[in-house]
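Down below is the structure, laid out as structure tokens.
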Amino acid sequence: MLPLNALAVLAGQLLGIAFAAGLNLYATVAVLGTASRLGLVPPLPPGLRGLTNALVIASAAALFCAELVIEKLPVLGGFWTGAHTLIRPVAAALLTFVAFATQPLEQRLALAAATGLIAFAAHGAQTGLRVVLASARGPRSALHTAVAAVTLDAIAIATALTALLNPAAAGVLGAGAIVLLALAGPRLWRAAIFGGHALIARVGGFFGHRGWKTGRELPRRVRLAALAAPLGGAEARGTRIAVIGLPRTAAYRTGWLVFDAGGACFIHATPLTARRTPLPPVAAVEVRPGPMVDVLRVIASTPPLPLFLLKDGPSPANVTAELRGGS
């Protein structure tokens with residue numbers, strides 16, 4: 001077993017490495033293996049010395065290069081990111097588990113779970129940042145996305161190296177990563193969840209039927225939150241969207257655009273029930289089609305309200321007609 005002080009240092013180092021792996025697993029593995037193989041950093045724990053194998057380093061470098069290209073492709077990049085939502089945390093947890101091979105099983109499992117959660121949170125925040133930048137779609141959005149990707153890769157590499165080169169700073173790195181994720185994470189995690197919904201809806205809309213959901217097709221809590229139709233009136237119908245800028249609604253909250261007896265509203269689930277928020281009166285709607293979602297920019301008496309329409313619902317023209325007709 002490791003002495004308590006050595007255990008704390010190694011745990012801090014692995015928290016930093018887990019954060020790096022959550023941002024870019026393959027760059028982290030390639031850098032760790034290369035730096036250790038060249039003797040640039042202190043020797044890795046016995047369980048991690050397989051990372052210095054030339055085949056492991058070459059494979060990680062090749063996957064890192066492939067990732068640089070794949071992540072730029074709208075649909076394939078979404079599948080890649082979705083798959084790595086599982087791959088990165090599991091890899092970080094496994095690295096921790098084998099690094100503490102001399103420790104009791106309970107400690108190994110607890111530390112593996114902690115590093116897996118850190119990697120999962122980092123990956124979610126990174127994914128959310130990309131969704132936020134992609135949804136901006138301004139004249140420089142592509143440049144901002146590319147700069148962000150390079151910056152995050154550099155942070156991953158620098159974090160992994162710092163954790164090994166300066167063990168005293170490892171605990172600070174780990175704590176700083178946790179604080180950063182706690183402060184910036186919620187908005188970015190919502191954006192990442194929205195990105196996951198958009199990917200699933202893109203596939204479902206391609207292979208299945210697109211259109212409004214009515215009656216029992218709507219989730220139960222959404223049906224209960226919608227206003228009941230008067231006798232003989234049309235039942236509520238809705239489609240999934242995400243919103244930015246709606247009062248009392250967090251940015252990138254995924255929910256339902258519903259047309260009920262009260263007009264157009266946004267309904268999203270809460271831990272116990274669902275919340276109904278009416279949309280402002282609509283003066284005009286600008287449509288911006290996209291490969292993963294269609295953006296409806298609602299011009300109203302308030303600042304423009306972007307609605308991100310998922311691809312398993314009705315067409316943007318149909319939704320636009322409903323919004324204008326219900327204003």
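Every chain in the structure tokens takes a letter, A first, then B, and so on in the order presented; its residues are numbered from 1, and the ligands are numbered from 1 following the presented order.
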inquiry  = List the spatial neighbours of Ala284 of chain A as a PyMOL selection string - criterion: any atom at most 10 Å away, only C-alpha atoms, same-chain residues fewer than 4 positions off excluded.
reply    = chain A and resi 296-300+304+320+323-324+327
inquiry  = Quick one: residues within 10 Å of Ala148 of chain A, only C-alpha atoms, excluding same-chain residues fewer than 3 positions away - as a PyMOL selection string?
reply    = chain A and resi 126+129-130+133+142-145+151-154
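For segment 212-318 of chain A, backbone-based DSSP assignment of alpha helix (DSSP H) covers Arg220, Arg221, Val222, Arg223, Leu224, Ala225, Pro316, Ala317 and Asn318 of chain A.
One distance worth recording is that between atom CA of Phe64 of chain A and atom CA of Gly116 of chain A, which is 20.1 Å.
Shortest separation to Ile17 of chain A among A:Ala160, A:Ala83, A:Thr115, A:Leu109 occurs at residue A:Ala160, atoms counted being only C-alpha atoms.
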key: Exercise: Leu111 of chain A partners within 9 Å, only C-alpha atoms, chain neighbours under 3 positions left out, as a PyMOL selection string   = chain A and resi 11+14-15+93+96-97+100+106-108+114-116
Since we have the selection now, will you write its residues out, keeping C-alpha atoms, as a compact mmCIF listing (two decimals), in the first residue's frame?
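Here's the written file selection.txt:
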```txt
# COMPACT_ATOMS: atom_id res chain seq x y z
CA ALA A 11 -5.01 10.93 -6.43
CA LEU A 14 -5.14 11.47 -11.56
CA LEU A 15 -7.93 14.00 -10.99
CA ALA A 93 -11.90 5.40 -14.40
CA THR A 96 -7.27 5.26 -12.07
CA PHE A 97 -8.24 1.70 -11.17
CA PHE A 100 -3.90 2.14 -7.66
CA GLU A 106 -12.73 -0.07 -1.95
CA GLN A 107 -10.26 2.80 -2.43
CA ARG A 108 -9.65 1.84 -6.06
CA ALA A 114 -14.43 10.13 -8.78
CA THR A 115 -12.15 10.44 -11.80
CA GLY A 116 -14.83 8.98 -14.08
```
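Between atom CA of Thr102 of chain A and atom CA of Ala27 of chain A there is a distance of 27.1 Å.
Taking atom CA of Ser36 of chain A and atom CA of Val179 of chain A as endpoints, the distance between them is 28.8 Å.
Within the 10 Å cut-off around Pro247 of chain A, using only C-alpha atoms and omitting residues fewer than 6 positions from it on the same chain, the listed residues are Thr277, Pro278, Leu279 and Pro280 of chain A.
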Could I get the residues of segment 91-173 of chain A with an atom no further than 9 Å from an atom of segment 194-215 of chain A, each paired with its nearest atom pair and that distance in Å to one decimal, using only C-alpha atoms, sorted by chain and residue number, as a Markdown table?
```
| residue | atom | partner | partner_atom | distance |
| --- | --- | --- | --- | --- |
| A:Thr127 | CA | A:Gly195 | CA | 8.0 |
| A:Gly128 | CA | A:Gly195 | CA | 7.5 |
| A:Val131 | CA | A:Gly195 | CA | 6.4 |
```
Store the residues picked out above in a file with N, CA and C atoms, as a PDB file, in the first residue's frame.
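Result file follows (part11.pdb):
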```pdb
ATOM      1  N   THR A 127     -18.575  19.539 -24.731  1.00  0.00           N
ATOM      2  CA  THR A 127     -19.611  19.328 -25.742  1.00  0.00           C
ATOM      3  C   THR A 127     -20.593  20.485 -25.747  1.00  0.00           C
ATOM      4  N   GLY A 128     -20.985  20.926 -24.548  1.00  0.00           N
ATOM      5  CA  GLY A 128     -21.905  22.048 -24.462  1.00  0.00           C
ATOM      6  C   GLY A 128     -21.337  23.318 -25.055  1.00  0.00           C
ATOM      7  N   VAL A 131     -21.703  23.177 -28.727  1.00  0.00           N
ATOM      8  CA  VAL A 131     -23.093  23.410 -29.121  1.00  0.00           C
ATOM      9  C   VAL A 131     -23.419  24.897 -29.061  1.00  0.00           C
TER      10      VAL A 131
END
```
task = Can you pull out every residue within 8 Å of Ala20 of chain A, counting only C-alpha atoms, but drop anything in the same chain fewer than 5 positions away, and send it as a VMD selection string?
result = chain A and resid 25 28 119 122 155 to 157 159 to 160
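By chain and then residue number, the residues within 10 Å of Leu40 of chain A are Leu32, Thr34, Leu161, Leu164 and Leu165 of chain A, counting only C-alpha atoms and disregarding those fewer than 6 positions away in sequence.
By chain and then residue number, the residues within 6 Å of Ile267 of chain A are Gly255, Trp256, Arg275 and Arg276 of chain A, counting only C-alpha atoms and disregarding those fewer than 2 positions away in sequence.
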